[in-house]
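Student: Quick one: structure below, then a few questions.
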Amino acid sequence: MKAVPASVGAMSTTTPITQSRGTVPDGSPHDPAPLAIEARGLRRRFGSFIAVDGLDLRVPEGTVYGLLGPNGAGKSTVVRMLTTLLRPTAGEASVMGHDLLREPHRVRSAIGVAGQYASVDENLTGAENLRLFARLTGLSGRDCRTRADELLAAFALADAAGKQVHGYSGGMRRRLDLAISLVAAPPLIFLDEPTTGLDPRTREQMWDVVEGLVARGATVLLTTQYLEEADRLADRIGIIDHGRMIAEGTADELKDAVGSSTLVLTFPAPADEERAVRIITALTGEDAPASRTAGRVHVPLPEDASAAATDVLVALREEGLAPVSVSVDRPSLDSVFLALTRHDPAPDAHDAPAADTDTDTEEIA
Ligand SMILES: Nc1ncnc2c1ncn2[C@@H]1O[C@H](COP(=O)(O)OP(=O)(O)OP(=O)(O)O)[C@@H](O)[C@H]1O
Ligand SMILES: [Mg+2]
C-alpha cells in the first residue's frame, strides 16, 4: 500500500487555478503558503437546527487538516458544504482558489471526496466502478483502464478487481472508495471518517496512503473520531462541537493548552505509595495533590515541569523513598478531546422543532 504511483497524488489537475489564492503568513512575505481552503463564517441550518454555526477554516496547501468532534458535531456537514454537496445557509469559502458558491464546477474538478458512507455500485466489480468514474472525468476508454489498473494496484485491490463489490470486506470498500476519489488526481482530497470500522492493520494502510498523497503535494482534509489518527496524520487539528470550532492548533499546541504533564512513579510496596503521596502533597500543596491509582503515584506537574519533578524526587530521597520507575505522561489528544467536549450528547436535528423546507440533497448548482 505504500507504493502509491506518482500519478495518484500528482498535482496534475486539469483545471487551471485562475484566481489568486488566500495565503497564510509564514514569516516570509515573499513565499507565503497558499491556502487550499479558506472558509469564513460557514453556517448551515436544517429547519431551526443549526448544524454548523459560523465556522472559519484555513488549510494551507500540502498539509493535512484533521477535523475532530463528537457524533453530530457537524463534521460531515462541513465536508458536504466545502465539496458543493450542500449549500451553506451563510458564509463563504474559497476552495483551491475557486469561490464555492460562484464557481462550484471549478471546485468540483479540483477536489476528490471519499464520503462517510461509500458511494460505490455494489453490483459492479471494483474495476468497473473505477472505470465508470474515470469515464465520468472524461478519460478515453484506454486511459480509463490504465487509470483503474494503477489505482487497483496502489490500493492492493488488483486481486479483487473482477469481484462484485457486494463481496468486498469493509476495508476493501473503503480502499475502493478512496481510490475512486483519486481517479482525477485531485490536488485536494476530502476524507470523511476514512478509517471508521477498519481493523488496525487496514487503518495503518490507509494512513500510509494518506501520507503518500501528501508527500506528493496533495492537501487532505479528513474528519475522524480517532484521536490517534489526527495525532499521526494532521498538521493542524480543529475540534468542533455543536457546529462551532472550540479549539484549533497542532496536536502539541492542543495538548499544551489543555493541561499539564503528570509525573508517574511506582514503588516496591503499597505502604511506600502512601508515604510518597503524603510527602509529595506536603510539597506541592493540597491544590495539586498527588494521587494513587493502579499501583502508581500520579503527580500533576506545573508548567515548569522538570524543576517540579526534580523537587519531588529530591524530597522523596530525603525521606529515604526510592521509586522503582519514574516517567512523565504528557496529556494525550484523548484528554484534550474529553476536556473540551465533556457534555451531554449533541442534540440531534430530529429533536429540534419541525424542519422547514431544507432538504438533504441541496447541492450548490
Ligand atoms: N440533511 C439533514 N437534515 C437534518 N439534519 C441534519 C442533516 N444532516 C445533518 N443533520 C444534523 O446535523 C448535525 C450534524 O450532523 P453531521 O452529520 O454533520 O455530524 P458529524 O459530526 O459528521 O457526526 P458523526 O460523527 O456521527 O458522523 C446532526 O445533529 C445531524 O442530525
Ligand atoms: Mg459524519
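In the C-alpha cells, the first chain shown is A, the next is B, and so on; residue numbers restart at 1 for each chain, and ligands run from 1 in the order shown.
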Using DSSP secondary structure from the backbone, list all alpha helix (DSSP H) positions within region 82-292 of chain A, as number ranges by chain.

Tutor: A: 82, 104-110, 126-136, 141-154, 170-181, 200-215, 227-233, 251-258, 270-284

Student: Could you find all residues in region 239-362 of chain A that DSSP calls strand (DSSP E) from the backbone, and write them as number ranges by chain?

Tutor: A: 239-241, 244-249, 262-266, 291-293, 296-300, 325-329

Student: Keeping only C-alpha atoms, write the selected residues as a PDB file, in the first residue's frame.

Tutor:
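Full text of again_27.pdb as output:
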```pdb
ATOM      1  CA  ILE A 239     -12.057  20.393  17.269  1.00  0.00           C
ATOM      2  CA  ILE A 240     -15.677  21.153  16.542  1.00  0.00           C
ATOM      3  CA  ASP A 241     -18.636  20.730  18.802  1.00  0.00           C
ATOM      4  CA  ARG A 244     -18.534  25.559  16.373  1.00  0.00           C
ATOM      5  CA  MET A 245     -14.753  25.441  16.343  1.00  0.00           C
ATOM      6  CA  ILE A 246     -13.841  25.154  20.008  1.00  0.00           C
ATOM      7  CA  ALA A 247     -10.093  24.637  19.672  1.00  0.00           C
ATOM      8  CA  GLU A 248      -7.565  24.730  16.875  1.00  0.00           C
ATOM      9  CA  GLY A 249      -3.855  24.131  16.563  1.00  0.00           C
ATOM     10  CA  THR A 262       1.900  14.164  35.078  1.00  0.00           C
ATOM     11  CA  LEU A 263       4.819  12.582  36.887  1.00  0.00           C
ATOM     12  CA  VAL A 264       4.140   8.860  37.319  1.00  0.00           C
ATOM     13  CA  LEU A 265       6.028   6.911  39.978  1.00  0.00           C
ATOM     14  CA  THR A 266       5.928   3.289  41.070  1.00  0.00           C
ATOM     15  CA  SER A 291      -2.872  10.537  43.990  1.00  0.00           C
ATOM     16  CA  ARG A 292      -2.657   6.744  43.780  1.00  0.00           C
ATOM     17  CA  THR A 293      -4.280   4.579  41.147  1.00  0.00           C
ATOM     18  CA  ARG A 296       1.071   4.175  40.565  1.00  0.00           C
ATOM     19  CA  VAL A 297       1.507   7.540  42.158  1.00  0.00           C
ATOM     20  CA  HIS A 298       0.444  10.432  39.912  1.00  0.00           C
ATOM     21  CA  VAL A 299       1.783  13.930  40.478  1.00  0.00           C
ATOM     22  CA  PRO A 300       0.299  16.774  38.412  1.00  0.00           C
ATOM     23  CA  SER A 325      10.220   3.688  37.989  1.00  0.00           C
ATOM     24  CA  VAL A 326       9.798   7.319  37.042  1.00  0.00           C
ATOM     25  CA  SER A 327       8.078   8.615  33.909  1.00  0.00           C
ATOM     26  CA  VAL A 328       6.307  11.734  32.676  1.00  0.00           C
ATOM     27  CA  ASP A 329       2.937  11.407  30.907  1.00  0.00           C
TER      28      ASP A 329
END
```

Student: Would you kindly return, as a ChimeraX atom specification, each protein, DNA or RNA residue with an atom no farther than 12 Å from any atom of Glu253 (chain A), considering only C-alpha atoms and excluding same-chain residues fewer than 5 positions away?

Tutor: /A:231,235-238,247-248,258-260,330-333,336

Student: Any chance you can output those residues with N, CA and C atoms as a compact mmCIF listing (two decimals), in the first residue's frame?

Tutor:
```
# COMPACT_ATOMS: atom_id res chain seq x y z
N ASP A 231 -3.60 12.69 15.49
CA ASP A 231 -2.27 12.89 16.05
C ASP A 231 -1.20 12.47 15.04
N ASP A 235 -1.43 17.96 10.33
CA ASP A 235 -0.54 19.06 10.68
C ASP A 235 -1.24 20.00 11.64
N ARG A 236 -2.51 20.24 11.35
CA ARG A 236 -3.32 21.05 12.27
C ARG A 236 -4.64 20.34 12.52
N ILE A 237 -5.20 20.60 13.70
CA ILE A 237 -6.42 19.93 14.10
C ILE A 237 -7.43 20.98 14.54
N GLY A 238 -8.65 20.83 14.07
CA GLY A 238 -9.72 21.69 14.57
C GLY A 238 -10.71 20.79 15.32
N ALA A 247 -11.54 24.58 19.47
CA ALA A 247 -10.09 24.64 19.67
C ALA A 247 -9.43 24.33 18.34
N GLU A 248 -8.26 24.90 18.14
CA GLU A 248 -7.56 24.73 16.87
C GLU A 248 -6.08 24.85 17.10
N VAL A 258 -4.49 22.17 27.08
CA VAL A 258 -5.50 21.57 27.94
C VAL A 258 -4.97 21.20 29.31
N GLY A 259 -3.71 20.98 29.42
CA GLY A 259 -3.32 20.60 30.77
C GLY A 259 -1.88 20.28 30.88
N SER A 260 -1.56 19.99 32.10
CA SER A 260 -0.16 19.80 32.44
C SER A 260 0.23 18.34 32.25
N ARG A 330 2.63 12.97 29.09
CA ARG A 330 2.06 14.21 28.52
C ARG A 330 0.56 13.99 28.35
N PRO A 331 -0.22 15.05 28.36
CA PRO A 331 -1.65 14.83 28.10
C PRO A 331 -1.82 14.27 26.69
N SER A 332 -2.75 13.37 26.52
CA SER A 332 -2.98 12.81 25.19
C SER A 332 -4.03 13.67 24.48
N LEU A 333 -4.15 13.44 23.18
CA LEU A 333 -5.21 14.14 22.45
C LEU A 333 -6.58 13.69 22.97
N VAL A 336 -7.46 15.93 25.71
CA VAL A 336 -7.85 17.23 25.17
C VAL A 336 -9.30 17.17 24.71
```

Student: Sorted by chain and rising residue number, which residues of chain A lie within 10 Å of ligand 2, and what are their closest atom pairs and distances in Å to one decimal, counting only C-alpha atoms and all ligand atoms, as CSV?

Tutor:
```
residue,atom,partner,partner_atom_place_in_ligand_line,distance
A:Gly69,CA,ligand 2,1 (Mg),9.2
A:Pro70,CA,ligand 2,1 (Mg),9.1
A:Asn71,CA,ligand 2,1 (Mg),6.9
A:Gly72,CA,ligand 2,1 (Mg),6.9
A:Ala73,CA,ligand 2,1 (Mg),8.1
A:Gly74,CA,ligand 2,1 (Mg),7.0
A:Lys75,CA,ligand 2,1 (Mg),5.4
A:Ser76,CA,ligand 2,1 (Mg),4.0
A:Thr77,CA,ligand 2,1 (Mg),7.2
A:Val78,CA,ligand 2,1 (Mg),9.1
A:Val79,CA,ligand 2,1 (Mg),8.7
A:Arg80,CA,ligand 2,1 (Mg),9.7
A:Gly115,CA,ligand 2,1 (Mg),8.7
A:Gln116,CA,ligand 2,1 (Mg),6.2
A:Tyr117,CA,ligand 2,1 (Mg),9.0
A:Asp192,CA,ligand 2,1 (Mg),6.7
A:Glu193,CA,ligand 2,1 (Mg),7.0
A:Thr223,CA,ligand 2,1 (Mg),7.6
A:Thr224,CA,ligand 2,1 (Mg),8.4
A:Gln225,CA,ligand 2,1 (Mg),9.2
```

Student: With C-alpha atoms retained, write the just-selected residues as a compact mmCIF listing (two decimals), in the first residue's frame.

Tutor:
```
# COMPACT_ATOMS: atom_id res chain seq x y z
CA GLY A 69 -15.59 16.23 17.01
CA PRO A 70 -18.14 14.03 18.72
CA ASN A 71 -21.04 12.44 16.84
CA GLY A 72 -23.35 15.08 15.46
CA ALA A 73 -20.79 17.88 15.87
CA GLY A 74 -21.20 18.94 12.26
CA LYS A 75 -18.09 17.42 10.62
CA SER A 76 -19.83 15.77 7.68
CA THR A 77 -21.96 18.86 7.16
CA VAL A 78 -18.79 20.96 6.85
CA VAL A 79 -17.34 18.48 4.35
CA ARG A 80 -20.55 18.38 2.35
CA GLY A 115 -17.64 10.20 1.95
CA GLN A 116 -18.51 8.68 5.30
CA TYR A 117 -20.80 6.26 3.51
CA ASP A 192 -14.92 11.85 5.86
CA GLU A 193 -14.01 9.32 8.55
CA THR A 223 -12.67 14.06 9.68
CA THR A 224 -12.14 11.44 12.29
CA GLN A 225 -13.30 10.09 15.61
```

Student: Just to confirm, what's the straight-line distance from CA of Val107 (chain A) to CA of Phe49 (chain A) in Å (one decimal)?

Tutor: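 Taking CA of Val107 (chain A) and CA of Phe49 (chain A), their separation equals 27.2 Å.
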
Student: Pick out the residues sitting within 9 Å of His105 (chain A), and hand them over as a ChimeraX atom specification; count only C-alpha atoms, and ignore anything fewer than 5 positions along from it in its own chain.

Tutor: /A:84,100,110,365

Student: Quick one: distance from CA of Gly54 (chain A) to CA of Ala339 (chain A) in Å, one decimal?

Tutor: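 Computing it gives 22.3 Å between the two atoms.
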
Student: Looking at A:Pro194, A:Pro302, A:Gly41, A:Gly126, which one is nearest to Val165 (chain A), with distances taken over only C-alpha atoms?

Tutor: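 Of all the options, A:Gly126 lies closest to Val165 (chain A).
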
Student: So which one's closest to ligand 1, A:Tyr65, A:Phe267, A:Phe337, A:Tyr226? Using only C-alpha atoms and all ligand atoms, please.

Tutor: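 Result for the nearest residue to ligand 1: A:Tyr226.
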
Student: May I have the residues within 8 Å of Ala161 (chain A) as an MDAnalysis selection string, using only C-alpha atoms and disregarding those fewer than 4 positions away in the same chain?

Tutor: chainID A and resid 125:127 152 157

Student: Residues as selected, N, CA and C atoms, written as a short mmCIF file (atom, residue, chain, number, x, y, z; two decimals), in the first residue's frame, can you do that?

Tutor:
```
data_model
loop_
_atom_site.label_atom_id
_atom_site.label_comp_id
_atom_site.auth_asym_id
_atom_site.auth_seq_id
_atom_site.Cartn_x
_atom_site.Cartn_y
_atom_site.Cartn_z
N THR A 125 -18.07 -4.62 -10.43
CA THR A 125 -16.80 -5.04 -9.82
C THR A 125 -16.02 -3.79 -9.44
N GLY A 126 -14.95 -4.00 -8.68
CA GLY A 126 -14.09 -2.87 -8.30
C GLY A 126 -13.56 -2.16 -9.53
N ALA A 127 -13.08 -2.95 -10.49
CA ALA A 127 -12.50 -2.37 -11.71
C ALA A 127 -13.57 -1.59 -12.48
N LEU A 152 -6.07 0.29 -8.71
CA LEU A 152 -6.31 -1.03 -8.09
C LEU A 152 -5.01 -1.56 -7.51
N LEU A 157 -5.91 -3.80 -4.49
CA LEU A 157 -7.21 -4.36 -4.88
C LEU A 157 -7.11 -5.12 -6.21
#
```

Student: So, counting only C-alpha atoms and all ligand atoms, which residue among A:Pro88, A:Gly320, A:Pro104, A:Gly47 is closest to ligand 1?

Tutor: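 Distance minimum relative to ligand 1 lands on A:Gly47.
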
Student: Have a look at A:Asp99, A:Lys163, A:Asp252, A:Ile189 and name the one nearest to Ile364 (chain A); count only C-alpha atoms.

Tutor: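 That would be A:Asp99, the residue with the smallest distance to Ile364 (chain A).
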
Student: I'd like to know which of A:Ser48, A:Ala290, A:Gly212, A:Leu42 is closest to ligand 1, using only C-alpha atoms and all ligand atoms.

Tutor: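 For ligand 1, the nearest of the given residues is A:Ser48.
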
Student: Rounded to one decimal place, report the CA of Gly167 (chain A)-CA of Glu122 (chain A) distance in Å.

Tutor: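 Distance between the two atoms: 8.4 Å.
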
Student: Looking at only C-alpha atoms, which of A:Leu124, A:Val214, A:Ala315, A:Ile279 is the one that sits closest to His166 (chain A)?

Tutor: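 Nearest candidate to His166 (chain A) out of A:Leu124, A:Val214, A:Ala315, A:Ile279: A:Leu124.
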